[in-house]
Structures are given as structure tokens and as C-alpha cells.
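As provided, data.txt (compact mmCIF, C-alpha atoms (C1' of nucleotides)) reads as follows.
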```txt
# COMPACT_ATOMS: atom_id res chain seq x y z
CA MET A 151 208.44 51.54 210.36
CA GLY A 152 206.20 51.62 213.35
CA ILE A 153 209.13 52.43 215.55
CA THR A 154 209.10 55.96 216.79
CA LYS A 155 212.38 57.66 215.94
CA THR A 156 212.96 58.64 219.52
CA GLU A 157 216.65 59.32 219.05
CA SER A 158 215.91 61.94 216.43
CA PHE A 159 214.13 64.20 218.88
CA SER A 160 215.25 66.13 221.90
CA ASP A 161 214.96 64.79 225.43
CA LEU A 162 212.41 67.41 226.21
CA GLN A 163 210.29 66.52 223.22
CA ASN A 164 210.44 62.86 224.11
CA ARG A 165 209.61 63.47 227.76
CA LEU A 166 206.66 65.64 226.84
CA ALA A 167 205.40 63.05 224.38
CA ASP A 168 205.82 60.24 226.90
CA TYR A 169 203.70 61.96 229.53
CA PHE A 170 201.03 62.85 227.01
CA LYS A 171 201.14 59.29 225.76
CA VAL A 172 200.60 57.62 229.08
CA LEU A 173 197.53 59.84 229.52
CA GLY A 174 196.36 58.96 226.04
CA HIS A 175 194.20 55.99 226.89
CA PRO A 176 190.66 56.09 228.29
CA ALA A 177 191.33 53.26 230.71
CA ARG A 178 194.22 55.13 232.29
CA ILE A 179 192.14 58.29 232.40
CA ALA A 180 189.41 56.30 234.15
CA ILE A 181 191.87 54.85 236.64
CA LEU A 182 193.25 58.28 237.45
CA GLU A 183 189.76 59.74 237.77
CA HIS A 184 188.85 57.05 240.23
CA LEU A 185 191.95 57.64 242.32
CA VAL A 186 191.48 61.39 242.16
CA ASN A 187 187.85 61.19 243.20
CA ALA A 188 188.66 58.89 246.06
CA ASN A 189 191.61 61.06 247.02
CA SER A 190 192.83 58.08 248.98
CA CYS A 191 194.33 54.72 248.55
CA ILE A 192 192.19 52.33 246.62
CA CYS A 193 192.81 48.70 247.26
CA GLY A 194 191.67 46.32 244.60
CA ASP A 195 188.26 47.65 243.66
CA LEU A 196 189.69 49.22 240.53
CA VAL A 197 189.04 46.00 238.67
CA ASP A 198 185.38 46.04 239.71
CA VAL A 199 185.00 49.62 238.52
CA LEU A 200 186.62 49.23 235.13
CA PRO A 201 185.24 47.33 232.13
CA LEU A 202 188.47 45.43 231.70
CA SER A 203 189.98 42.21 232.94
CA GLN A 204 192.21 42.06 235.97
CA ALA A 205 195.27 41.43 233.80
CA THR A 206 194.58 44.45 231.64
CA VAL A 207 193.97 46.75 234.58
CA SER A 208 197.19 45.55 236.16
CA GLN A 209 199.04 46.41 232.98
CA HIS A 210 197.65 49.93 232.84
CA LEU A 211 198.49 50.42 236.51
CA LYS A 212 202.03 49.37 235.75
CA GLU A 213 202.37 52.01 233.06
CA LEU A 214 200.99 54.73 235.30
CA LYS A 215 203.35 53.61 238.05
CA GLN A 216 206.31 53.63 235.67
CA ALA A 217 205.42 57.16 234.64
CA GLY A 218 205.38 58.02 238.33
CA LEU A 219 201.83 59.32 238.35
CA ILE A 220 200.64 56.79 240.90
CA LYS A 221 202.10 54.96 243.84
CA GLY A 222 201.29 51.42 244.92
CA GLU A 223 201.69 50.26 248.46
CA ILE A 224 201.44 46.61 249.38
CA SER A 225 199.02 45.99 252.20
CA GLY A 226 198.63 42.37 253.00
CA THR A 227 197.42 40.44 250.01
CA SER A 228 196.24 43.51 248.18
CA VAL A 229 197.87 46.69 246.91
CA CYS A 230 196.75 50.22 247.65
CA TYR A 231 197.08 52.69 244.82
CA CYS A 232 196.94 56.44 245.01
CA ILE A 233 198.01 59.52 243.10
CA ASN A 234 201.63 60.54 243.53
CA ALA A 235 200.91 64.11 244.54
CA GLU A 236 204.35 65.58 243.91
CA LYS A 237 204.73 63.94 240.53
CA TRP A 238 201.21 64.90 239.56
CA GLN A 239 202.00 68.56 240.17
CA GLU A 240 205.28 68.25 238.35
CA VAL A 241 203.67 66.70 235.29
CA LYS A 242 200.84 69.20 235.36
CA SER A 243 203.33 72.07 235.31
CA PHE A 244 205.46 70.42 232.67
CA LEU A 245 202.57 69.89 230.29
CA ASN A 246 201.15 73.30 231.05
CA GLU A 247 204.40 75.01 230.27
CA PHE A 248 204.26 73.45 226.87
CA MET A 249 200.69 74.50 226.26
CA ASP A 250 201.46 77.99 227.54
CA ARG A 251 204.19 78.51 225.04
CA TYR A 252 201.53 79.47 222.60
CA PRO A 253 200.53 82.99 223.57
CA ASN A 254 197.01 83.61 224.68
CA LEU A 255 196.65 86.34 222.10
CA GLU A 256 194.33 87.06 219.25
CA ASP A 257 197.18 87.77 216.89
CA SER A 258 196.81 84.56 215.06
CA CYS A 259 198.05 85.07 211.55
CA CYS A 260 195.39 83.06 209.76
CA MET B 977 193.45 42.47 221.45
CA GLY B 978 195.13 45.70 220.61
CA ILE B 979 191.81 47.38 220.09
CA THR B 980 191.02 50.01 222.65
CA LYS B 981 187.60 49.37 224.16
CA THR B 982 186.46 52.87 223.39
CA GLU B 983 182.78 52.07 223.76
CA SER B 984 183.32 50.99 227.35
CA PHE B 985 184.36 54.44 228.45
CA SER B 986 182.58 57.75 228.67
CA ASP B 987 182.70 60.36 225.94
CA LEU B 988 184.64 62.62 228.22
CA GLN B 989 187.21 59.99 229.01
CA ASN B 990 187.63 59.20 225.34
CA ARG B 991 187.91 62.85 224.34
CA LEU B 992 190.51 63.48 227.01
CA ALA B 993 192.49 60.43 225.96
CA ASP B 994 192.29 61.41 222.29
CA TYR B 995 193.75 64.85 222.88
CA PHE B 996 196.50 63.47 225.08
CA LYS B 997 197.17 60.83 222.48
CA VAL B 998 197.63 63.19 219.56
CA LEU B 999 200.17 65.06 221.68
CA GLY B 1000 201.87 61.80 222.60
CA HIS B 1001 204.43 61.68 219.84
CA PRO B 1002 207.71 63.60 219.69
CA ALA B 1003 207.28 64.44 216.01
CA ARG B 1004 203.95 66.09 216.65
CA ILE B 1005 205.40 67.93 219.63
CA ALA B 1006 208.22 69.13 217.39
CA ILE B 1007 205.79 70.27 214.71
CA LEU B 1008 203.74 72.20 217.24
CA GLU B 1009 206.85 73.73 218.79
CA HIS B 1010 207.94 74.94 215.40
CA LEU B 1011 204.56 76.48 214.65
CA VAL B 1012 204.37 78.01 218.11
CA ASN B 1013 207.82 79.53 217.87
CA ALA B 1014 207.11 80.93 214.45
CA ASN B 1015 203.73 82.18 215.61
CA SER B 1016 202.85 82.45 211.98
CA CYS B 1017 202.02 80.37 209.00
CA ILE B 1018 204.76 78.04 208.00
CA CYS B 1019 204.79 77.02 204.42
CA GLY B 1020 206.62 73.86 203.60
CA ASP B 1021 209.80 74.15 205.57
CA LEU B 1022 208.50 71.75 208.21
CA VAL B 1023 209.93 68.85 206.26
CA ASP B 1024 213.36 70.46 206.24
CA VAL B 1025 213.23 70.98 209.98
CA LEU B 1026 212.11 67.50 210.97
CA PRO B 1027 214.14 64.32 210.78
CA LEU B 1028 211.38 62.53 208.93
CA SER B 1029 210.34 61.99 205.36
CA GLN B 1030 207.83 64.21 203.63
CA ALA B 1031 205.22 61.46 203.72
CA THR B 1032 205.59 60.96 207.44
CA VAL B 1033 205.44 64.65 208.21
CA SER B 1034 202.34 64.96 206.09
CA GLN B 1035 200.72 62.17 208.08
CA HIS B 1036 201.47 63.79 211.42
CA LEU B 1037 200.14 67.10 210.11
CA LYS B 1038 196.97 65.32 209.12
CA GLU B 1039 196.46 64.01 212.64
CA LEU B 1040 197.06 67.40 214.19
CA LYS B 1041 194.65 68.93 211.71
CA GLN B 1042 192.02 66.30 212.44
CA ALA B 1043 192.37 67.04 216.14
CA GLY B 1044 191.83 70.68 215.26
CA LEU B 1045 195.06 71.90 216.81
CA ILE B 1046 196.40 73.30 213.57
CA LYS B 1047 194.96 74.86 210.47
CA GLY B 1048 196.26 74.48 206.93
CA GLU B 1049 195.64 77.04 204.28
CA ILE B 1050 196.42 76.34 200.68
CA SER B 1051 198.54 79.03 199.11
CA GLY B 1052 199.43 78.26 195.57
CA THR B 1053 201.34 75.02 195.38
CA SER B 1054 202.19 74.95 199.02
CA VAL B 1055 200.20 74.86 202.23
CA CYS B 1056 200.58 77.23 205.15
CA TYR B 1057 200.14 75.69 208.55
CA CYS B 1058 199.60 77.48 211.82
CA ILE B 1059 198.23 76.87 215.29
CA ASN B 1060 194.46 77.03 215.60
CA ALA B 1061 194.40 79.58 218.40
CA GLU B 1062 190.84 79.02 219.60
CA LYS B 1063 191.16 75.26 219.61
CA TRP B 1064 194.54 75.44 221.30
CA GLN B 1065 193.03 77.40 224.18
CA GLU B 1066 190.10 75.06 224.35
CA VAL B 1067 192.29 71.98 224.53
CA LYS B 1068 194.60 73.61 227.04
CA SER B 1069 191.65 74.33 229.31
CA PHE B 1070 190.17 70.91 228.79
CA LEU B 1071 193.34 69.08 229.72
CA ASN B 1072 194.05 71.48 232.54
CA GLU B 1073 190.64 70.92 234.04
CA PHE B 1074 191.45 67.25 234.20
CA MET B 1075 194.82 67.80 235.81
CA ASP B 1076 193.29 70.28 238.23
CA ARG B 1077 190.79 67.79 239.51
CA TYR B 1078 193.50 66.50 241.75
CA PRO B 1079 193.74 69.05 244.54
CA ASN B 1080 196.92 70.98 244.99
CA LEU B 1081 197.08 69.90 248.60
CA GLU B 1082 199.54 68.11 250.76
CA ASP B 1083 196.90 65.78 252.13
CA SER B 1084 198.05 62.84 250.14
CA CYS B 1085 197.12 59.72 252.03
CA CYS B 1086 200.28 57.75 251.37
C1' DA C 663 199.81 22.03 255.48
C1' DG C 664 195.95 23.32 252.66
C1' DT C 665 192.74 26.69 250.78
C1' DA C 666 191.24 31.13 249.36
C1' DT C 667 192.24 35.88 247.86
C1' DT C 668 194.63 39.29 245.45
C1' DT C 669 197.87 41.09 242.20
C1' DA C 670 201.68 40.42 238.72
C1' DT C 671 203.47 38.22 234.83
C1' DC C 672 203.66 35.37 230.66
C1' DG C 673 202.15 34.06 226.29
C1' DT C 674 199.48 35.05 222.55
C1' DA C 675 196.21 37.18 219.28
C1' DA C 676 194.30 41.18 217.32
C1' DT C 677 194.64 45.79 216.10
C1' DA C 678 197.08 50.34 215.87
C1' DT C 679 200.85 53.20 214.91
C1' DT C 680 204.91 54.67 212.66
C1' DG C 681 207.71 55.35 208.70
C1' DC C 682 208.88 55.55 204.01
C1' DA C 683 209.14 54.76 198.90
C1' DA C 684 206.36 55.38 195.17
C1' DT C 685 202.91 57.69 193.15
C1' DA C 686 199.16 60.85 192.51
C1' DA C 687 197.24 65.43 192.57
C1' DA C 688 197.35 70.27 192.18
C1' DC C 689 199.25 74.18 190.74
C1' DA C 690 202.96 77.50 188.83
C1' DA C 691 206.18 78.74 185.40
C1' DA C 692 208.43 78.27 181.12
C1' DT D 715 201.73 71.65 176.76
C1' DT D 716 205.65 70.38 179.33
C1' DT D 717 208.34 70.76 183.36
C1' DG D 718 209.15 71.54 188.02
C1' DT D 719 207.47 72.14 192.87
C1' DT D 720 204.86 71.01 196.70
C1' DT D 721 201.71 68.30 199.41
C1' DA D 722 198.56 64.20 199.92
C1' DT D 723 197.70 59.46 199.46
C1' DT D 724 198.53 54.58 198.80
C1' DG D 725 200.65 50.42 199.87
C1' DC D 726 203.47 48.10 202.31
C1' DA D 727 206.78 46.43 206.42
C1' DA D 728 208.14 46.80 211.07
C1' DT D 729 207.13 47.70 215.64
C1' DA D 730 203.97 48.95 219.49
C1' DT D 731 199.83 48.65 222.03
C1' DT D 732 195.85 46.57 223.87
C1' DA D 733 193.42 42.84 225.83
C1' DC D 734 192.79 38.59 228.09
C1' DG D 735 193.26 33.64 229.64
C1' DA D 736 196.29 31.05 232.21
C1' DT D 737 199.40 30.85 235.62
C1' DA D 738 202.54 32.28 239.16
C1' DA D 739 203.59 34.65 243.44
C1' DA D 740 202.52 36.37 247.81
C1' DT D 741 199.95 36.52 251.74
C1' DA D 742 195.93 35.54 254.92
C1' DC D 743 192.98 32.26 257.02
C1' DT D 744 191.48 27.60 258.72
```
Would you give me this structure, written as C-alpha cells?
Amino acid sequence: MGITKTESFSDLQNRLADYFKVLGHPARIAILEHLVNANSCICGDLVDVLPLSQATVSQHLKELKQAGLIKGEISGTSVCYCINAEKWQEVKSFLNEFMDRYPNLEDSCC
Amino acid sequence: MGITKTESFSDLQNRLADYFKVLGHPARIAILEHLVNANSCICGDLVDVLPLSQATVSQHLKELKQAGLIKGEISGTSVCYCINAEKWQEVKSFLNEFMDRYPNLEDSCC
DNA sequence: AGTATTTATCGTAATATTGCAATAAACAAA
DNA sequence: TTTGTTTATTGCAATATTACGATAAATACT
């Protein structure tokens, strides 16, 4: 019924899905790319770079922040965003472990 | 407006987001886990394993198949599903390349 | 104080996703 | 042919997501 049956799956499955999900939007990919490329705090110009309104960008930033992938630091009137390095590594490993569970072999059955 | 502004983003950004997105649901994670663990074709018993109706499972399988992550081979009345090994590696690399763009360093600015 | 700048939040509309019952489709077995 | 078995599809209903205008909140500057 449009509601994901979260409670029917394991914590691990839900956590995996949640991280994949937050990465599953081109705007959030674009935001992360921008922050990664800059490799520094970006104050405000994200809205200029993205083809979305200020309100929409703010919403995507909120989701990325909630997932822990980025940090936002208030600096005067504006806010500086950057990648949360530790969390980024953690998520990378977490997702990779999942992908690595399928062996790199040629012994596919079909 | 609920519609993702796909056309405003690059092909690469959209492709990345699409792969993350298809992985962004616990049911699809569970399906993939089952296929990975079996490391063989699974005929039919997926519905028994998952806490979802046959129709819903079939829908998730369709999405995974469309993304190319799994293959389905008709075998009599039933269908055998298994991981698409080549595509799995390809997607793993593709997503990993994105995650690796953020350097493994401690030189986070904030 | 008043004005400008920047970001967050609220409210709302449009679209997407999830889930399932019912049904269809395809095949096997009797 | 009829019956059962298995998977796909259709047609909803419920919820979630996306997007943005309007507005609020917070701070800086005159």
C-alpha cells in the first residue's frame, strides 16, 4: 500500500536500503559530487550550481545531513556544507561489504 | 511536484542514482541476499522466503531484472532467478568509483 | 531600528512507489 | 480437455517523494 513494510525486514536490510535510497536521487548525487570536488566547505553556492529551487536544495541537504553523509556548519548568515569524512568511509565500506558478498567468480550457474 | 527533474542532470548522475535507487528497498536487498547466498538459480521459493505477496515479489523481481542485476530463466512452469554476475561486477565498480571519488584522507576541512 | 542576505520550514500540488487481490497467461500432468 | 501450479499483469488504494512559492528565522550591515 505504498508503505514499505520496514518492520518485516532485518535492521541490516533496512539500513542498507536506507543508505542506497538516500543516494538514489540525481540531485543528491550532484550535491555530493560538488562537495567532493571542492573537498572543502561550500557556503551557499550549491543553489546556484543546481537546477533546483532554494527550498528543494535545502530539503535534499537535510536528507543527506540526516543520513550523516554531510555536515553543515553555521558561519554567519550562511551555512558551510562538507562531506562527513568518517561517515563517508563507513557507508562506503558498508555498501561495499554488501556488494562483495557476491563472489567475484565465473561460476555463475546460468 | 514529485517528479524528479531527470533531464536537468547528467546521464552519469542519473545512472548512478538509478542503480542506488533500485537497491534502496529492503525487499530488493532481501531478494538479492537470497540469490547471493544460494549462488544458484532459485526457482519460486522466493515468495515463501519473503514477507510479501506473490504479486509484490514479482514486481520487485521485475525492477531488479530491468536494472540488469538479476537474470530470469524460464524452466517449465516456473522461473529460475539468479544474479547477473557480469552486471553485478559492473554496478559494483560503478558505484564504488563514485564513492572513491572522495579521498580516503584525513584532510577534511571541518 | 531598519534593511538586506541566507537558509530552513510550511503548505500544497503533482507524481512515484509500494502492496495486494484478482485475474490472466503459460505450461505440466492427469 | 480439464485441472493444478507457477509467474506476470492489471487495477486499485495508501503512502512517500519531489518540487516550489511563500514565509519565517537568523544574522550582518547601515
TODO: Quick one: pull the distance between CA of Ser984 in chain B and CA of Lys237 in chain A, Å, one decimal.
DONE: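 Computed distance, CA of Ser984 in chain B to CA of Lys237 in chain A, equals 28.3 Å.
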Compute the set of chain B residues within 9 Å of chain C, using only C-alpha atoms (C1' of nucleotides), and express it as an mmCIF file with C-alpha atoms, in the frame of the given file.
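So out17.cif came out as:
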```cif
data_model
loop_
_atom_site.group_PDB
_atom_site.id
_atom_site.type_symbol
_atom_site.label_atom_id
_atom_site.label_comp_id
_atom_site.auth_asym_id
_atom_site.auth_seq_id
_atom_site.Cartn_x
_atom_site.Cartn_y
_atom_site.Cartn_z
ATOM 1 C CA MET B 977 193.450 42.470 221.450
ATOM 2 C CA GLY B 978 195.130 45.700 220.610
ATOM 3 C CA ILE B 979 191.810 47.380 220.090
ATOM 4 C CA THR B 980 191.020 50.010 222.650
ATOM 5 C CA LEU B 1028 211.380 62.530 208.930
ATOM 6 C CA SER B 1029 210.340 61.990 205.360
ATOM 7 C CA GLN B 1030 207.830 64.210 203.630
ATOM 8 C CA ALA B 1031 205.220 61.460 203.720
ATOM 9 C CA THR B 1032 205.590 60.960 207.440
ATOM 10 C CA GLY B 1052 199.430 78.260 195.570
ATOM 11 C CA THR B 1053 201.340 75.020 195.380
ATOM 12 C CA SER B 1054 202.190 74.950 199.020
#
```
Task: Atomic separation - CA of Asp168 in chain A relative to CA of Ala217 in chain A, Å - done: 8.3 Å
Open item on the list: Show me, as a list in words, the residues of chain A whose atoms get within 6 Å of chain B, using all atoms listed in the file for the distance check.
Closed with: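 Every residue of chain A that passes the 6 Å test is in Gln163, Asn164, Ala167, Phe170, Lys171, Leu173, Gly174, His175, Pro176, Val186, Ser190, Tyr252 and Cys259 of chain A.
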Around all the atoms of range 684-691 of chain C listed in the file, with 4 Å of room on each side, what axis-aligned box do you get, giving centre and edge lengths in Å to one decimal, as lines of an AutoDock Vina configuration file?
```
center_x = 201.8
center_y = 67.1
center_z = 190.3
size_x = 17.1
size_y = 31.4
size_z = 17.8
```
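In this structure, CA of Val1023 in chain B sits 18.5 Å away from CA of Leu1045 in chain B.
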TODO: With a distance threshold of 7 Å and counting all atoms listed in the file, extract the residues of chain D near chain A and express them as a PyMOL selection string.
DONE: chain D and resi 727-729+733-734+740-741
